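Data from input-v3.cif: mmCIF, C-alpha atoms
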data_upload
loop_
_atom_site.label_atom_id
_atom_site.label_comp_id
_atom_site.auth_asym_id
_atom_site.auth_seq_id
_atom_site.Cartn_x
_atom_site.Cartn_y
_atom_site.Cartn_z
CA MET C 1 -20.14 -49.85 23.69
CA GLU C 2 -22.48 -52.32 25.38
CA TYR C 3 -24.22 -49.41 27.12
CA ILE C 4 -24.93 -47.84 23.74
CA ILE C 5 -26.35 -51.14 22.51
CA ILE C 6 -28.60 -51.36 25.58
CA ILE C 7 -29.88 -47.83 24.94
CA ILE C 8 -30.46 -48.34 21.20
CA GLY C 9 -32.19 -51.64 21.91
CA ALA C 10 -34.48 -50.04 24.48
CA VAL C 11 -35.29 -46.92 22.45
CA PHE C 12 -35.82 -48.36 18.98
CA VAL C 13 -35.94 -52.14 18.84
CA ASN C 14 -37.92 -53.06 21.95
CA ASN C 15 -39.61 -49.72 22.34
CA ILE C 16 -41.42 -49.75 25.66
CA VAL C 17 -44.69 -48.32 24.33
CA LEU C 18 -44.93 -49.51 20.75
CA ALA C 19 -43.37 -52.96 21.06
CA GLN C 20 -43.91 -53.92 24.71
CA PHE C 21 -47.21 -52.14 25.39
CA LEU C 22 -46.15 -50.63 28.71
CA GLY C 23 -47.28 -47.17 29.76
CA ILE C 24 -50.20 -47.00 27.33
CA CYS C 25 -52.41 -45.06 29.78
CA PRO C 26 -50.19 -41.95 29.93
CA TYR C 27 -49.32 -42.49 26.27
CA LEU C 28 -52.97 -41.96 25.31
CA GLY C 29 -53.92 -39.81 28.29
CA VAL C 30 -51.38 -36.97 28.33
CA SER C 31 -50.39 -36.83 24.68
CA ALA C 32 -52.89 -34.22 23.51
CA LYS C 33 -50.26 -31.45 23.60
CA VAL C 34 -46.52 -31.54 22.97
CA SER C 35 -45.75 -29.42 26.06
CA THR C 36 -47.55 -31.75 28.51
CA SER C 37 -46.00 -34.81 26.92
CA ILE C 38 -42.54 -33.32 27.45
CA GLY C 39 -43.37 -32.75 31.13
CA MET C 40 -44.60 -36.31 31.49
CA SER C 41 -41.47 -37.71 29.81
CA GLY C 42 -39.29 -35.75 32.23
CA ALA C 43 -41.15 -37.09 35.23
CA VAL C 44 -41.04 -40.66 33.89
CA MET C 45 -37.31 -40.45 33.25
CA PHE C 46 -36.66 -39.15 36.75
CA VAL C 47 -38.76 -41.76 38.55
CA MET C 48 -37.87 -44.69 36.30
CA THR C 49 -34.12 -44.25 36.79
CA LEU C 50 -34.42 -43.79 40.56
CA ALA C 51 -36.90 -46.63 40.97
CA THR C 52 -34.74 -49.06 39.00
CA LEU C 53 -31.69 -48.14 41.09
CA VAL C 54 -33.54 -48.69 44.38
CA THR C 55 -35.46 -51.83 43.40
CA PHE C 56 -32.32 -53.39 41.88
CA LEU C 57 -30.55 -53.03 45.23
CA ILE C 58 -33.58 -54.30 47.15
CA PHE C 59 -33.96 -57.34 44.92
CA ASN C 60 -30.32 -58.38 44.96
CA TYR C 61 -29.43 -57.53 48.56
CA ILE C 62 -32.69 -58.19 50.43
CA LEU C 63 -35.08 -60.43 48.46
CA VAL C 64 -32.51 -62.87 47.02
CA PRO C 65 -30.41 -63.43 50.19
CA PHE C 66 -33.55 -64.10 52.27
CA ASN C 67 -35.07 -66.23 49.52
CA ILE C 68 -38.29 -64.21 49.35
CA GLU C 69 -38.38 -63.32 45.64
CA TYR C 70 -42.13 -63.94 45.59
CA LEU C 71 -42.54 -60.65 47.47
CA GLN C 72 -41.16 -58.84 44.41
CA THR C 73 -44.48 -57.44 43.21
CA ILE C 74 -45.59 -56.16 46.62
CA SER C 75 -42.25 -54.66 47.60
CA TYR C 76 -41.69 -53.04 44.20
CA ILE C 77 -45.06 -51.32 44.03
CA LEU C 78 -44.60 -49.98 47.56
CA VAL C 79 -41.12 -48.72 46.68
CA VAL C 80 -42.38 -47.01 43.54
CA ALA C 81 -45.34 -45.45 45.35
CA SER C 82 -43.29 -44.13 48.26
CA LEU C 83 -40.49 -43.01 45.95
CA VAL C 84 -42.94 -40.91 43.97
CA GLN C 85 -44.24 -39.34 47.17
CA MET C 86 -40.70 -38.62 48.33
CA VAL C 87 -39.62 -37.14 45.01
CA GLU C 88 -42.70 -34.93 45.08
CA ILE C 89 -41.93 -33.62 48.57
CA ILE C 90 -38.22 -33.05 47.84
CA LEU C 91 -38.88 -31.32 44.52
CA LYS C 92 -41.42 -29.02 46.13
CA LYS C 93 -38.79 -27.92 48.66
CA VAL C 94 -35.63 -27.88 46.55
CA SER C 95 -36.73 -26.85 43.08
CA PRO C 96 -40.16 -25.23 42.90
CA ALA C 97 -39.65 -24.52 39.18
CA LEU C 98 -39.12 -28.19 38.37
CA TYR C 99 -42.01 -29.07 40.67
CA GLN C 100 -44.23 -26.70 38.72
CA ALA C 101 -43.24 -28.44 35.50
CA LEU C 102 -43.46 -32.07 36.66
CA GLY C 103 -45.70 -31.79 39.73
CA ILE C 104 -49.05 -32.73 38.26
CA PHE C 105 -47.61 -35.75 36.47
CA LEU C 106 -45.93 -37.31 39.49
CA PRO C 107 -49.04 -38.82 41.16
CA LEU C 108 -50.05 -40.30 37.80
CA ILE C 109 -46.79 -42.17 37.60
CA VAL C 110 -47.61 -44.56 40.46
CA THR C 111 -50.05 -46.39 38.21
CA ASN C 112 -47.81 -46.13 35.16
CA CYS C 113 -47.04 -49.75 34.38
CA ALA C 114 -43.95 -48.70 32.44
CA ILE C 115 -42.17 -47.95 35.73
CA LEU C 116 -43.07 -51.24 37.42
CA GLY C 117 -42.48 -53.14 34.18
CA VAL C 118 -38.97 -51.77 33.69
CA THR C 119 -38.00 -52.37 37.32
CA ILE C 120 -39.12 -56.01 37.00
CA LEU C 121 -37.41 -56.45 33.60
CA ALA C 122 -34.14 -54.98 34.88
CA VAL C 123 -33.60 -57.90 37.28
CA ARG C 124 -34.61 -60.64 34.82
CA GLU C 125 -32.12 -63.47 34.81
CA ASP C 126 -31.96 -63.75 31.02
CA PHE C 127 -30.61 -60.19 30.75
CA GLY C 128 -28.12 -60.66 33.60
CA PHE C 129 -27.63 -56.91 34.09
CA ASN C 130 -25.32 -55.52 36.74
CA LEU C 131 -26.35 -52.37 38.61
CA LEU C 132 -24.94 -49.90 36.10
CA GLU C 133 -26.38 -51.79 33.12
CA GLY C 134 -29.76 -51.91 34.87
CA VAL C 135 -29.75 -48.14 35.35
CA VAL C 136 -28.67 -47.58 31.73
CA PHE C 137 -31.50 -49.90 30.66
CA ALA C 138 -33.95 -47.74 32.65
CA ILE C 139 -32.62 -44.53 31.08
CA GLY C 140 -32.89 -46.09 27.62
CA ASN C 141 -36.49 -47.09 28.22
CA ALA C 142 -37.33 -43.64 29.55
CA LEU C 143 -35.79 -42.12 26.41
CA GLY C 144 -37.83 -44.51 24.28
CA PHE C 145 -40.98 -43.47 26.13
CA ALA C 146 -40.12 -39.78 25.66
CA LEU C 147 -39.43 -40.22 21.94
CA THR C 148 -42.69 -42.02 21.21
CA ILE C 149 -44.97 -39.86 23.36
CA ILE C 150 -43.57 -36.59 21.96
CA LEU C 151 -43.82 -37.88 18.37
CA PHE C 152 -47.36 -39.02 19.06
CA ALA C 153 -48.35 -35.69 20.64
CA GLY C 154 -47.03 -33.88 17.59
CA ILE C 155 -49.21 -36.03 15.34
CA ARG C 156 -52.26 -35.66 17.59
CA GLU C 157 -52.03 -31.87 17.53
CA HIS C 158 -52.47 -32.08 13.78
CA LEU C 159 -55.14 -34.78 14.03
CA GLU C 160 -57.33 -32.24 15.85
CA LEU C 161 -57.69 -30.29 12.62
CA VAL C 162 -58.70 -33.26 10.49
CA ASP C 163 -62.28 -34.21 9.71
CA VAL C 164 -62.53 -37.74 11.13
CA PRO C 165 -65.70 -39.89 10.76
CA LYS C 166 -67.92 -39.57 13.83
CA GLY C 167 -67.42 -43.02 15.33
CA MET C 168 -63.64 -42.80 14.94
CA ARG C 169 -63.24 -39.43 16.65
CA GLY C 170 -60.98 -39.23 19.71
CA ALA C 171 -59.56 -42.47 21.08
CA PRO C 172 -60.13 -44.76 18.04
CA ALA C 173 -58.31 -42.42 15.65
CA ALA C 174 -55.48 -41.99 18.16
CA LEU C 175 -55.16 -45.78 18.49
CA VAL C 176 -54.96 -46.27 14.73
CA VAL C 177 -52.28 -43.56 14.54
CA ALA C 178 -50.37 -45.37 17.30
CA GLY C 179 -50.65 -48.54 15.22
CA ILE C 180 -49.10 -46.79 12.23
CA LEU C 181 -46.29 -45.48 14.46
CA ALA C 182 -45.73 -49.03 15.72
CA LEU C 183 -45.56 -50.17 12.10
CA ALA C 184 -42.85 -47.58 11.48
CA PHE C 185 -40.91 -48.74 14.53
CA MET C 186 -41.02 -52.32 13.24
CA GLY C 187 -38.47 -51.14 10.70
CA PHE C 188 -35.93 -51.06 13.53
CA ALA C 189 -36.38 -54.77 14.28
CA ASN C 190 -33.13 -56.77 14.36
CA LEU C 191 -31.10 -53.56 14.48
CA VAL C 192 -29.03 -54.83 17.41
CA MET L 1 -79.40 -49.13 40.42
CA GLY L 2 -80.47 -52.79 40.40
CA GLN L 3 -77.94 -55.57 40.74
CA LEU L 4 -78.60 -56.75 37.19
CA GLN L 5 -77.76 -53.34 35.79
CA ASN L 6 -74.77 -53.21 38.13
CA PHE L 7 -73.59 -56.47 36.58
CA THR L 8 -74.23 -55.75 32.91
CA LYS L 9 -72.87 -52.20 32.78
CA GLY L 10 -69.36 -53.54 32.22
CA PHE L 11 -70.14 -55.08 28.83
CA VAL L 12 -71.11 -52.24 26.52
CA LYS L 13 -72.14 -49.07 28.37
CA ASP L 14 -69.15 -48.78 30.73
CA ASN L 15 -66.88 -51.38 29.18
CA PRO L 16 -63.51 -50.91 30.93
CA VAL L 17 -61.47 -51.23 27.74
CA PHE L 18 -63.71 -49.86 24.99
CA VAL L 19 -65.32 -46.96 26.88
CA LEU L 20 -63.29 -46.16 30.00
CA LEU L 21 -59.96 -46.95 28.25
CA LEU L 22 -58.59 -48.55 31.42
CA GLY L 23 -56.18 -51.46 31.52
CA LEU L 24 -55.02 -50.94 27.96
CA CYS L 25 -51.51 -52.27 28.54
CA PRO L 26 -52.57 -55.89 29.10
CA ALA L 27 -55.38 -55.44 26.57
CA LEU L 28 -52.84 -54.69 23.87
CA GLY L 29 -49.93 -56.73 25.17
CA VAL L 30 -51.34 -60.22 25.63
CA THR L 31 -54.10 -60.44 23.02
CA THR L 32 -52.17 -62.26 20.32
CA SER L 33 -54.83 -64.98 20.57
CA ALA L 34 -58.36 -65.29 21.94
CA PHE L 35 -57.20 -67.81 24.55
CA ASN L 36 -54.50 -65.51 25.94
CA GLY L 37 -57.01 -62.67 26.10
CA LEU L 38 -59.51 -64.83 27.96
CA GLY L 39 -56.82 -66.07 30.39
CA MET L 40 -55.68 -62.55 31.17
CA GLY L 41 -59.28 -61.40 31.55
CA LEU L 42 -60.12 -64.16 34.03
CA ALA L 43 -56.93 -63.59 36.04
CA THR L 44 -57.84 -59.90 36.30
CA THR L 45 -61.42 -60.80 37.21
CA PHE L 46 -60.18 -62.92 40.10
CA VAL L 47 -58.00 -60.09 41.43
CA LEU L 48 -60.78 -57.56 40.90
CA VAL L 49 -63.46 -59.56 42.74
CA SER L 50 -61.15 -60.54 45.60
CA SER L 51 -59.81 -57.05 46.15
CA ASN L 52 -63.32 -55.59 45.89
CA ILE L 53 -64.48 -57.99 48.62
CA VAL L 54 -61.59 -57.17 50.96
CA VAL L 55 -61.73 -53.42 50.33
CA SER L 56 -65.47 -53.27 50.92
CA LEU L 57 -65.05 -55.25 54.17
CA ILE L 58 -62.24 -53.12 55.59
CA LYS L 59 -63.40 -49.76 54.24
CA ASN L 60 -64.42 -48.51 57.69
CA LEU L 61 -61.19 -49.62 59.37
CA ILE L 62 -58.78 -47.71 57.14
CA PRO L 63 -58.07 -44.02 57.79
CA ALA L 64 -58.84 -42.00 54.68
CA LYS L 65 -55.29 -40.70 54.36
CA VAL L 66 -53.62 -44.08 53.92
CA ARG L 67 -56.40 -45.73 51.94
CA ILE L 68 -54.60 -45.75 48.58
CA PRO L 69 -51.42 -47.50 49.87
CA SER L 70 -53.61 -49.98 51.78
CA TYR L 71 -55.60 -50.80 48.63
CA ILE L 72 -52.34 -51.27 46.73
CA VAL L 73 -51.12 -53.80 49.30
CA VAL L 74 -54.43 -55.70 49.17
CA ILE L 75 -54.33 -55.79 45.36
CA ALA L 76 -50.64 -56.73 45.26
CA SER L 77 -51.27 -59.68 47.59
CA PHE L 78 -53.98 -61.10 45.34
CA VAL L 79 -51.78 -60.53 42.29
CA THR L 80 -48.99 -62.50 43.96
CA ILE L 81 -51.45 -65.33 44.67
CA THR L 82 -52.55 -65.33 41.01
CA ASP L 83 -48.94 -65.25 39.88
CA LEU L 84 -47.94 -68.27 41.98
CA VAL L 85 -51.08 -70.31 41.21
CA MET L 86 -50.75 -69.74 37.47
CA GLU L 87 -47.07 -70.61 37.50
CA ALA L 88 -47.88 -73.87 39.27
CA TYR L 89 -50.98 -75.03 37.38
CA MET L 90 -50.97 -73.23 34.01
CA PRO L 91 -47.29 -72.94 33.04
CA ALA L 92 -47.99 -72.47 29.29
CA LEU L 93 -50.41 -69.58 29.82
CA PHE L 94 -48.13 -68.15 32.53
CA GLU L 95 -45.28 -68.17 30.02
CA SER L 96 -47.22 -66.36 27.31
CA LEU L 97 -48.72 -63.72 29.63
CA GLY L 98 -45.30 -63.16 31.19
CA LEU L 99 -44.68 -59.72 32.62
CA PHE L 100 -48.33 -58.73 32.43
CA ILE L 101 -49.35 -60.88 35.40
CA PRO L 102 -47.36 -58.92 38.02
CA LEU L 103 -48.48 -55.79 36.18
CA ILE L 104 -52.13 -56.46 37.12
CA VAL L 105 -51.15 -54.47 40.24
CA VAL L 106 -50.95 -51.26 38.24
CA ASN L 107 -53.99 -52.00 36.10
CA CYS L 108 -55.96 -48.79 36.65
CA LEU L 109 -59.17 -50.82 36.39
CA VAL L 110 -58.56 -52.75 39.63
CA MET L 111 -57.46 -49.69 41.59
CA GLY L 112 -60.24 -47.63 40.04
CA ARG L 113 -63.00 -50.04 41.12
CA ALA L 114 -61.54 -50.33 44.63
CA GLU L 115 -61.45 -46.56 45.04
CA ALA L 116 -64.59 -45.59 43.13
CA PHE L 117 -66.93 -48.45 43.96
CA ALA L 118 -65.86 -50.97 46.61
CA SER L 119 -64.88 -48.32 49.16
CA LYS L 120 -68.38 -46.81 49.02
CA ASN L 121 -70.67 -49.82 48.68
CA ASN L 122 -71.55 -52.98 50.58
CA THR L 123 -69.80 -56.28 49.98
CA TRP L 124 -72.54 -57.86 47.87
CA SER L 125 -72.66 -54.93 45.42
CA ALA L 126 -68.86 -54.91 45.32
CA ILE L 127 -68.80 -58.60 44.34
CA VAL L 128 -71.37 -58.05 41.57
CA ASP L 129 -69.48 -54.98 40.37
CA GLY L 130 -66.19 -56.89 40.37
CA PHE L 131 -67.68 -59.74 38.33
CA GLY L 132 -69.42 -57.37 35.91
CA MET L 133 -66.37 -55.24 35.29
CA GLY L 134 -64.02 -58.24 35.24
CA LEU L 135 -66.14 -60.16 32.75
CA GLY L 136 -66.55 -57.00 30.65
CA PHE L 137 -62.76 -56.75 30.61
CA SER L 138 -62.47 -60.45 29.68
CA PHE L 139 -65.08 -59.94 26.95
CA ALA L 140 -63.10 -57.04 25.47
CA LEU L 141 -59.80 -58.94 25.62
CA THR L 142 -61.33 -62.05 24.07
CA MET L 143 -62.88 -59.97 21.27
CA LEU L 144 -59.58 -58.25 20.52
CA GLY L 145 -57.62 -61.50 20.83
CA GLY L 146 -60.12 -63.28 18.58
CA LEU L 147 -60.00 -60.51 15.97
CA ARG L 148 -56.22 -60.58 15.89
CA GLU L 149 -56.10 -64.37 15.82
CA ILE L 150 -58.64 -64.65 12.97
CA LEU L 151 -57.01 -61.95 10.83
CA GLY L 152 -53.44 -62.74 11.75
CA ALA L 153 -53.33 -66.54 11.86
CA GLY L 154 -56.65 -67.70 10.39
CA GLU L 155 -57.59 -69.48 13.61
CA ILE L 156 -59.90 -69.03 16.58
CA PHE L 157 -59.06 -70.67 19.93
CA GLY L 158 -56.56 -72.75 17.96
CA TRP L 159 -59.15 -74.05 15.44
CA SER L 160 -58.15 -73.41 11.88
CA LEU L 161 -60.72 -71.35 9.95
CA PHE L 162 -59.11 -71.03 6.54
CA ALA L 163 -56.00 -72.38 4.89
CA GLY L 164 -52.87 -70.34 4.25
CA ASP L 165 -51.23 -67.56 6.18
CA GLY L 166 -53.14 -64.67 7.68
CA MET L 167 -52.06 -61.06 7.80
CA LEU L 168 -49.07 -61.36 10.08
CA VAL L 169 -49.21 -57.69 11.03
CA PHE L 170 -52.29 -58.35 13.18
CA VAL L 171 -50.35 -60.73 15.41
CA LEU L 172 -47.51 -58.23 15.71
CA ALA L 173 -47.61 -55.00 17.71
CA PRO L 174 -49.23 -52.61 15.16
CA GLY L 175 -52.24 -54.91 14.75
CA ALA L 176 -53.03 -54.55 18.45
CA PHE L 177 -53.38 -50.77 18.22
CA ILE L 178 -55.28 -50.80 14.92
CA GLY L 179 -57.58 -53.66 15.98
CA LEU L 180 -58.40 -51.95 19.28
CA GLY L 181 -58.99 -48.65 17.50
CA TYR L 182 -61.65 -50.18 15.27
CA LEU L 183 -63.24 -52.14 18.13
CA VAL L 184 -63.56 -48.92 20.16
CA ALA L 185 -65.17 -47.24 17.17
CA LEU L 186 -67.57 -50.19 16.78
CA ASN L 187 -68.46 -50.02 20.47
CA ASN L 188 -69.13 -46.28 20.14
CA ILE L 189 -71.61 -46.98 17.35
CA VAL L 190 -73.35 -49.84 19.19
CA LYS L 191 -73.57 -47.75 22.35
CA GLU L 192 -75.14 -44.86 20.48
CA ARG L 193 -77.70 -47.17 18.83
CA LEU L 194 -78.63 -48.64 22.23
CA GLU L 195 -79.06 -45.21 23.77
CA ARG L 196 -81.19 -43.91 20.93
CA ARG L 197 -83.64 -46.76 21.30
#

Rewrite the structure of this file - the entire thing - as structure tokens.
Amino acid sequence: MEYIIIIIGAVFVNNIVLAQFLGICPYLGVSAKVSTSIGMSGAVMFVMTLATLVTFLIFNYILVPFNIEYLQTISYILVVASLVQMVEIILKKVSPALYQALGIFLPLIVTNCAILGVTILAVREDFGFNLLEGVVFAIGNALGFALTIILFAGIREHLELVDVPKGMRGAPAALVVAGILALAFMGFANLV
Amino acid sequence: MGQLQNFTKGFVKDNPVFVLLLGLCPALGVTTSAFNGLGMGLATTFVLVSSNIVVSLIKNLIPAKVRIPSYIVVIASFVTITDLVMEAYMPALFESLGLFIPLIVVNCLVMGRAEAFASKNNTWSAIVDGFGMGLGFSFALTMLGGLREILGAGEIFGWSLFAGDGMLVFVLAPGAFIGLGYLVALNNIVKERLERR
């Protein structure tokens, strides 16, 4: 039950994009088409889950015992960057089809602050997650990212056909649409 | 390009937030007030200038293949310094910026300037570029923070402007997106006017 609450909380209540403002760059950058946004969500889910698993172990079994928590930022970003490289190489070898689908999105993920943000949040003391809860938290956030970016891409495909005033064309209109989506998601506040 | 132009390009023409759409996560996440926006902007400016200096100094020592990981380590070190200094001397601001301070590491703006500018130019130009871009970023964040604070709480930098409650939605998440959307549109118009002249 508590896993379901963690997932619902991460997807709807504290949505990673619309409530916490993480991962805005890919959210605006690769949301022009539904198909690319699905690919990006897949890649994010893959890397976010793996990265949280690895960084959780590193934090609790290396940084905390040696009392070097201040190295969190440096060690995490290196882990995420090398993990992405590794996943890219393995996917290329093992599953060329999946690599074709996710390949171009993987390098972009290194600078996706959603990944680093979730890995840092997962070890926050006030949540007090154990390993499994941390991983479930990562999956929930990845699902939340997928839901919002695919919804947003669907809206943007239609926005292309609309006659928008000149100054508002492109990014400004997309941002206002994101604001309205965020307004809708506020309806889920206090759900859990 | 003269140094003056190098410095001022970050404000309107190549503003990192309004034009290049870089570093949007902190731009939306921390700008509930003008002060928070300014604090985040200055913290990013510090990291940007410092990493630009180091990257431009060591650019000839790093093999091209490992340059990106090396830049990340340089940036992450300065972010850690900022993190610790702010926690020690500005606990209130540190508290309200929260997660977004360690996330300066993945701010595309910092990495982008290191890769696109500092690794190709001399140290002096890199410093000017870092200040220009950093202050342009601070300017954008302060504008957005100010807009949200005025509309949402009726205050600016904590000074009350009018009595009564503001529109709460501007302090909450949706106001960030909508406010930024209109500021980007405004910047587009100003930029076009400047170019036409």

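Atom pair CA of Asn141 in chain C / CA of Asn15 in chain C: separated by 7.2 Å.
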
When the PyMOL selection byres ((chain L and resi 48) around 12) is applied to the structure above, which residues does it catch, written out as an NGL selection string? :L and (41-47 or 49-56 or 71 or 74-79 or 82 or 104-115 or 117-118 or 126-138)

Taking all atoms listed in the file into account, which of C:Ile139, C:Gly134, C:Ala174, C:Leu57 comes nearest Ile8 in chain C?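 Once distances to Ile8 in chain C are computed over all atoms listed in the file, the minimum belongs to C:Ile139.
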
The PyMOL selection byres ((chain L) within 10 of (chain C)) resolved against shown file, as a PyMOL selection string: chain L and resi 18-19+21-30+68-70+72-81+83-84+99-108+111+169+172-190+192

Which of these, L:Val12, L:Leu38, L:Val17, L:Leu57, has the shortest distance to Ser125 in chain L once you count all atoms listed in the file? L:Leu57

Between CA of Thr119 in chain C and CA of Gly39 in chain L, measure the distance and give it in Å to one decimal. 24.3 Å

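Of note, CA of Trp124 in chain L and CA of Phe11 in chain L are spaced 19.4 Å apart.
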
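In terms of minimum interatomic distance to Ala51 in chain C, C:Ile109 ranks closest within C:Ile109, C:Phe129, C:Ile38, C:Pro65, counting all atoms listed in the file.
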
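In this comparison, which uses only C-alpha atoms, the residue of L:Ile58, L:Leu4, L:Val171, L:Ala163 approaching Leu147 in chain L most closely is L:Val171.
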